[in-house]
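**Student:** My structure file protein.pdb, PDB, C-alpha atoms, is below:
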MODEL        1
ATOM      1  CA  MET A   1       3.839 -40.277  17.014
ATOM      2  CA  PRO A   2       3.899 -39.044  20.637
ATOM      3  CA  SER A   3       7.009 -39.453  22.690
ATOM      4  CA  SER A   4       6.988 -42.136  25.361
ATOM      5  CA  VAL A   5       7.471 -39.362  27.905
ATOM      6  CA  GLU A   6       4.274 -37.528  26.923
ATOM      7  CA  PRO A   7       0.908 -38.851  27.989
ATOM      8  CA  ALA A   8      -1.419 -39.847  25.172
ATOM      9  CA  ARG A   9      -4.003 -37.214  24.273
ATOM     10  CA  PRO A  10      -7.659 -38.181  24.291
ATOM     11  CA  ALA A  11      -9.329 -38.708  20.902
ATOM     12  CA  GLY A  12     -10.867 -35.560  19.467
ATOM     13  CA  HIS A  13      -8.511 -33.265  21.425
ATOM     14  CA  HIS A  14      -6.736 -30.761  19.217
ATOM     15  CA  PRO A  15      -3.866 -28.848  20.783
ATOM     16  CA  THR A  16      -3.975 -25.060  20.455
ATOM     17  CA  GLY A  17      -0.261 -24.509  20.699
ATOM     18  CA  PRO A  18       3.077 -26.261  20.523
ATOM     19  CA  PRO A  19       3.525 -29.470  22.528
ATOM     20  CA  GLY A  20       4.976 -29.179  25.988
ATOM     21  CA  PRO A  21       3.930 -27.518  29.201
ATOM     22  CA  GLY A  22       1.124 -24.978  29.026
ATOM     23  CA  PRO A  23       1.849 -21.267  29.013
ATOM     24  CA  THR A  24       2.398 -19.542  32.280
ATOM     25  CA  THR A  25       0.676 -16.300  33.075
ATOM     26  CA  PRO A  26       2.783 -13.956  35.151
ATOM     27  CA  THR A  27       0.991 -12.088  37.886
ATOM     28  CA  THR A  28       1.663  -8.566  39.006
ATOM     29  CA  GLY A  29       1.917  -7.349  42.568
ATOM     30  CA  ASP A  30      -1.801  -6.519  42.667
ATOM     31  CA  GLY A  31      -2.773 -10.112  41.797
ATOM     32  CA  SER A  32      -3.986  -9.357  38.242
ATOM     33  CA  ASN A  33      -2.849 -11.521  35.362
ATOM     34  CA  ARG A  34      -0.888  -9.927  32.543
ATOM     35  CA  VAL A  35      -1.372 -11.725  29.263
ATOM     36  CA  ILE A  36       0.253 -10.918  25.959
ATOM     37  CA  PRO A  37      -1.997 -12.153  23.126
ATOM     38  CA  PHE A  38      -0.231 -14.019  20.354
ATOM     39  CA  GLY A  39      -3.256 -14.577  18.114
ATOM     40  CA  ARG A  40      -3.170 -15.151  14.405
ATOM     41  CA  ARG A  41      -2.669 -12.200  12.133
ATOM     42  CA  PRO A  42      -5.655 -11.173  10.046
ATOM     43  CA  ALA A  43      -5.601 -12.524   6.513
ATOM     44  CA  ARG A  44      -3.985 -10.235   3.953
ATOM     45  CA  THR A  45      -6.256  -8.828   1.342
ATOM     46  CA  GLY A  46      -3.476  -7.739  -1.057
ATOM     47  CA  ARG A  47      -1.085  -9.767  -3.129
ATOM     48  CA  GLY A  48       1.824  -9.667  -0.730
ATOM     49  CA  ARG A  49       4.390  -7.091   0.093
ATOM     50  CA  ARG A  50       4.684  -4.084  -2.094
ATOM     51  CA  THR A  51       8.032  -3.309  -3.621
ATOM     52  CA  PRO A  52       9.243   0.266  -3.540
ATOM     53  CA  GLN A  53       8.647   2.050  -6.819
ATOM     54  CA  PRO A  54      11.391   4.096  -8.463
ATOM     55  CA  ALA A  55      10.970   7.843  -8.427
ATOM     56  CA  GLN A  56       9.073   9.092 -11.451
ATOM     57  CA  PRO A  57      10.907  11.552 -13.703
ATOM     58  CA  GLU A  58       9.570  15.071 -13.873
ATOM     59  CA  ARG A  59       7.204  15.869 -16.701
ATOM     60  CA  VAL A  60       8.815  17.341 -19.767
ATOM     61  CA  VAL A  61       5.733  19.204 -20.984
ATOM     62  CA  ALA A  62       2.974  21.074 -19.192
ATOM     63  CA  PRO A  63      -0.238  19.190 -18.450
ATOM     64  CA  ASP A  64      -2.994  19.654 -21.029
ATOM     65  CA  SER A  65      -0.553  21.076 -23.575
ATOM     66  CA  PRO A  66      -1.003  19.942 -27.198
ATOM     67  CA  GLN A  67       2.148  17.822 -26.812
ATOM     68  CA  GLN A  68       0.732  16.135 -23.696
ATOM     69  CA  ARG A  69      -2.594  15.442 -25.392
ATOM     70  CA  LEU A  70      -0.792  13.971 -28.417
ATOM     71  CA  ALA A  71       1.372  11.807 -26.126
ATOM     72  CA  LEU A  72      -1.772  10.504 -24.419
ATOM     73  CA  ASP A  73      -3.370   9.775 -27.797
ATOM     74  CA  VAL A  74      -0.283   7.861 -28.940
ATOM     75  CA  GLU A  75      -0.216   5.959 -25.627
ATOM     76  CA  ALA A  76      -3.907   5.075 -26.019
ATOM     77  CA  TRP A  77      -3.123   3.701 -29.482
ATOM     78  CA  PHE A  78      -0.322   1.561 -28.052
ATOM     79  CA  ILE A  79      -2.492   0.328 -25.166
ATOM     80  CA  ALA A  80      -5.174  -0.666 -27.684
ATOM     81  CA  HIS A  81      -2.460  -2.811 -29.293
ATOM     82  CA  ARG A  82      -1.505  -4.368 -25.919
ATOM     83  CA  THR A  83       1.712  -2.473 -25.245
ATOM     84  CA  THR A  84       2.757   0.847 -23.720
ATOM     85  CA  LEU A  85       5.280   3.576 -24.432
ATOM     86  CA  THR A  86       6.273   3.535 -20.774
ATOM     87  CA  ASP A  87       8.011   0.220 -21.513
ATOM     88  CA  GLU A  88      11.590   1.086 -22.529
ATOM     89  CA  SER A  89      11.821  -1.574 -25.241
ATOM     90  CA  ALA A  90       8.520  -0.464 -26.816
ATOM     91  CA  ALA A  91       9.622   3.194 -26.662
ATOM     92  CA  HIS A  92      12.933   2.259 -28.324
ATOM     93  CA  VAL A  93      11.156   0.480 -31.192
ATOM     94  CA  TYR A  94       8.763   3.433 -31.500
ATOM     95  CA  ARG A  95      11.619   5.947 -31.766
ATOM     96  CA  THR A  96      13.547   3.725 -34.185
ATOM     97  CA  THR A  97      10.486   3.559 -36.443
ATOM     98  CA  LEU A  98      10.121   7.349 -36.310
ATOM     99  CA  GLU A  99      13.803   7.723 -37.290
ATOM    100  CA  PHE A 100      13.139   5.584 -40.368
ATOM    101  CA  ILE A 101      10.097   7.694 -41.267
ATOM    102  CA  GLN A 102      12.282  10.788 -40.816
ATOM    103  CA  LEU A 103      14.723   9.298 -43.343
ATOM    104  CA  MET A 104      11.847   8.744 -45.784
ATOM    105  CA  LEU A 105      10.703  12.367 -45.357
ATOM    106  CA  ASP A 106      14.265  13.635 -45.913
ATOM    107  CA  SER A 107      14.526  11.547 -49.107
ATOM    108  CA  SER A 108      11.145  12.743 -50.372
ATOM    109  CA  HIS A 109      12.141  16.353 -49.747
ATOM    110  CA  ALA A 110      15.505  15.856 -51.479
ATOM    111  CA  GLU A 111      13.715  14.383 -54.511
ATOM    112  CA  GLN A 112      11.355  17.392 -54.465
ATOM    113  CA  ARG A 113       8.316  15.226 -53.810
ATOM    114  CA  LEU A 114       7.508  17.400 -50.774
ATOM    115  CA  SER A 115       7.421  21.179 -50.808
ATOM    116  CA  ALA A 116       9.444  23.051 -48.203
ATOM    117  CA  ASP A 117       6.247  23.907 -46.278
ATOM    118  CA  GLU A 118       4.996  20.312 -46.316
ATOM    119  CA  TYR A 119       8.416  19.063 -45.247
ATOM    120  CA  GLN A 120       8.649  21.543 -42.338
ATOM    121  CA  HIS A 121       5.123  20.678 -41.202
ATOM    122  CA  LEU A 122       5.815  16.924 -41.215
ATOM    123  CA  ILE A 123       9.216  17.377 -39.513
ATOM    124  CA  GLY A 124       7.529  19.386 -36.755
ATOM    125  CA  MET A 125       4.964  16.624 -36.235
ATOM    126  CA  MET A 126       7.737  14.026 -36.097
ATOM    127  CA  ARG A 127       9.597  16.022 -33.448
ATOM    128  CA  VAL A 128       6.508  16.127 -31.213
ATOM    129  CA  LEU A 129       5.800  12.430 -31.816
ATOM    130  CA  ARG A 130       9.395  11.503 -30.941
ATOM    131  CA  ASP A 131       9.003  13.171 -27.516
ATOM    132  CA  ALA A 132       5.728  11.365 -26.694
ATOM    133  CA  PRO A 133       7.290   8.651 -24.463
ATOM    134  CA  ASP A 134       9.003  11.355 -22.362
ATOM    135  CA  ALA A 135       5.713  13.224 -21.904
ATOM    136  CA  LEU A 136       3.979  10.264 -20.240
TER     137      LEU A 136
ENDMDL
END
Mind turning the file's structure into structure tokens?
**Tutor:**
Amino acid sequence: MPSSVEPARPAGHHPTGPPGPGPTTPTTGDGSNRVIPFGRRPARTGRGRRTPQPAQPERVVAPDSPQQRLALDVEAWFIAHRTTLTDESAAHVYRTTLEFIQLMLDSSHAEQRLSADEYQHLIGMMRVLRDAPDAL
């Protein structure tokens, strides 16, 4: 509701700024008007402000090494199952599972169900698999 001090605005008139006296335009000594535009900002196309990202750790293995390719294959498997090894909790569960498999391999070797060569081969694979989250 307008104040009793303000005159009523005609119907259909939409103010372009805050109520009160109109803006003044200062003039310079040469008679020209100096205007500072305070227009609306263009609409944002993104989803808001970006938050700073933490620094990424340095790669542990060389790009395109067999270890890197294996890490990418493991990561692709996890992504296909709607998770990622870059998530710390998923990587922890992954490593915990590999530790249990390591225990099974140790038991099988102790019971002579695996030869020394088979055991060494599987242990080597486990070591590379365990480092996969660090290689991403």
**Student:** Output the residue selection produced by the PyMOL selection byres ((chain A and resi 123-129) around 9) on the file above, formatted as an mmCIF file with C-alpha atoms, in the coordinates of the input.
**Tutor:**
data_model
loop_
_atom_site.group_PDB
_atom_site.id
_atom_site.type_symbol
_atom_site.label_atom_id
_atom_site.label_comp_id
_atom_site.auth_asym_id
_atom_site.auth_seq_id
_atom_site.Cartn_x
_atom_site.Cartn_y
_atom_site.Cartn_z
ATOM 1 C CA GLN A 67 2.148 17.822 -26.812
ATOM 2 C CA LEU A 70 -0.792 13.971 -28.417
ATOM 3 C CA ALA A 71 1.372 11.807 -26.126
ATOM 4 C CA VAL A 74 -0.283 7.861 -28.940
ATOM 5 C CA ARG A 95 11.619 5.947 -31.766
ATOM 6 C CA LEU A 98 10.121 7.349 -36.310
ATOM 7 C CA GLU A 99 13.803 7.723 -37.290
ATOM 8 C CA ILE A 101 10.097 7.694 -41.267
ATOM 9 C CA GLN A 102 12.282 10.788 -40.816
ATOM 10 C CA LEU A 105 10.703 12.367 -45.357
ATOM 11 C CA ASP A 106 14.265 13.635 -45.913
ATOM 12 C CA GLU A 118 4.996 20.312 -46.316
ATOM 13 C CA TYR A 119 8.416 19.063 -45.247
ATOM 14 C CA GLN A 120 8.649 21.543 -42.338
ATOM 15 C CA HIS A 121 5.123 20.678 -41.202
ATOM 16 C CA LEU A 122 5.815 16.924 -41.215
ATOM 17 C CA ARG A 130 9.395 11.503 -30.941
ATOM 18 C CA ASP A 131 9.003 13.171 -27.516
ATOM 19 C CA ALA A 132 5.728 11.365 -26.694
ATOM 20 C CA PRO A 133 7.290 8.651 -24.463
#
**Student:** Could you work out how far atom CA of Leu136 of chain A lies from atom CA of Thr86 of chain A, giving the answer in Å with one decimal?
**Tutor:**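 Those two atoms sit 7.1 Å apart.
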**Student:** By how many Å are atom CA of Ala76 of chain A and atom CA of Thr97 of chain A apart?
**Tutor:**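 These atoms are spaced 17.8 Å apart.
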**Student:** Expressed in Å to a single decimal, how great is the separation between atom CA of Met104 of chain A and atom CA of Asp117 of chain A?
**Tutor:**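 Atom CA of Met104 of chain A sits 16.2 Å away from atom CA of Asp117 of chain A.
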**Student:** Specify the axis-aligned box that encloses all atoms of segment 107-114 of chain A listed in the file after padding of 8 Å on each side, stating its centre and edge lengths in Å to one decimal as lines of an AutoDock Vina configuration file.
**Tutor:**
center_x = 11.5
center_y = 14.5
center_z = -51.8
size_x = 24.0
size_y = 21.9
size_z = 21.4
**Student:** Assuming the input is short of atoms at segment 94-115 of chain A, produce N, CA, C and O atoms for that part as a CSV table (one decimal), keeping the file's coordinate frame.
**Tutor:**
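In the end it all went to selection_25.csv:
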chain,number,residue,atom,x,y,z
A,94,TYR,N,9.5,2.3,-31.0
A,94,TYR,CA,8.8,3.4,-31.5
A,94,TYR,C,9.7,4.5,-32.1
A,94,TYR,O,9.5,5.0,-33.2
A,95,ARG,N,10.7,4.9,-31.3
A,95,ARG,CA,11.6,5.9,-31.8
A,95,ARG,C,12.4,5.5,-33.0
A,95,ARG,O,12.7,6.3,-33.9
A,96,THR,N,12.8,4.2,-33.0
A,96,THR,CA,13.5,3.7,-34.2
A,96,THR,C,12.7,3.8,-35.4
A,96,THR,O,13.2,4.2,-36.5
A,97,THR,N,11.4,3.5,-35.3
A,97,THR,CA,10.5,3.6,-36.4
A,97,THR,C,10.3,5.0,-36.9
A,97,THR,O,10.3,5.3,-38.1
A,98,LEU,N,10.2,5.9,-35.9
A,98,LEU,CA,10.1,7.3,-36.3
A,98,LEU,C,11.4,7.8,-37.0
A,98,LEU,O,11.3,8.7,-37.9
A,99,GLU,N,12.5,7.3,-36.6
A,99,GLU,CA,13.8,7.7,-37.3
A,99,GLU,C,13.8,7.3,-38.7
A,99,GLU,O,14.2,8.0,-39.6
A,100,PHE,N,13.2,6.1,-39.0
A,100,PHE,CA,13.1,5.6,-40.4
A,100,PHE,C,12.2,6.4,-41.2
A,100,PHE,O,12.4,6.8,-42.3
A,101,ILE,N,11.1,6.8,-40.6
A,101,ILE,CA,10.1,7.7,-41.3
A,101,ILE,C,10.7,9.0,-41.5
A,101,ILE,O,10.5,9.6,-42.6
A,102,GLN,N,11.5,9.5,-40.6
A,102,GLN,CA,12.3,10.8,-40.8
A,102,GLN,C,13.2,10.7,-42.0
A,102,GLN,O,13.3,11.6,-42.9
A,103,LEU,N,13.9,9.5,-42.2
A,103,LEU,CA,14.7,9.3,-43.3
A,103,LEU,C,13.9,9.3,-44.6
A,103,LEU,O,14.3,9.9,-45.6
A,104,MET,N,12.7,8.7,-44.6
A,104,MET,CA,11.8,8.7,-45.8
A,104,MET,C,11.4,10.2,-46.1
A,104,MET,O,11.4,10.6,-47.3
A,105,LEU,N,11.1,11.0,-45.1
A,105,LEU,CA,10.7,12.4,-45.4
A,105,LEU,C,11.9,13.2,-45.9
A,105,LEU,O,11.7,14.0,-46.9
A,106,ASP,N,13.1,12.9,-45.4
A,106,ASP,CA,14.3,13.6,-45.9
A,106,ASP,C,14.5,13.3,-47.4
A,106,ASP,O,14.8,14.1,-48.2
A,107,SER,N,14.3,12.0,-47.7
A,107,SER,CA,14.5,11.5,-49.1
A,107,SER,C,13.5,12.2,-50.0
A,107,SER,O,13.8,12.6,-51.1
A,108,SER,N,12.2,12.2,-49.6
A,108,SER,CA,11.1,12.7,-50.4
A,108,SER,C,11.4,14.2,-50.6
A,108,SER,O,11.1,14.7,-51.7
A,109,HIS,N,11.9,14.9,-49.6
A,109,HIS,CA,12.1,16.4,-49.7
A,109,HIS,C,13.3,16.6,-50.7
A,109,HIS,O,13.3,17.5,-51.6
A,110,ALA,N,14.3,15.7,-50.6
A,110,ALA,CA,15.5,15.9,-51.5
A,110,ALA,C,15.1,15.6,-52.9
A,110,ALA,O,15.7,16.2,-53.9
A,111,GLU,N,14.2,14.7,-53.2
A,111,GLU,CA,13.7,14.4,-54.5
A,111,GLU,C,12.6,15.3,-55.0
A,111,GLU,O,12.0,15.1,-56.0
A,112,GLN,N,12.3,16.4,-54.2
A,112,GLN,CA,11.4,17.4,-54.5
A,112,GLN,C,9.9,16.8,-54.6
A,112,GLN,O,9.1,17.3,-55.4
A,113,ARG,N,9.7,15.8,-53.8
A,113,ARG,CA,8.3,15.2,-53.8
A,113,ARG,C,7.5,15.9,-52.7
A,113,ARG,O,6.3,15.7,-52.7
A,114,LEU,N,8.2,16.6,-51.8
A,114,LEU,CA,7.5,17.4,-50.8
A,114,LEU,C,8.0,18.8,-50.9
A,114,LEU,O,9.2,19.1,-51.1
A,115,SER,N,7.0,19.8,-50.8
A,115,SER,CA,7.4,21.2,-50.8
A,115,SER,C,8.1,21.5,-49.5
A,115,SER,O,8.0,20.7,-48.5
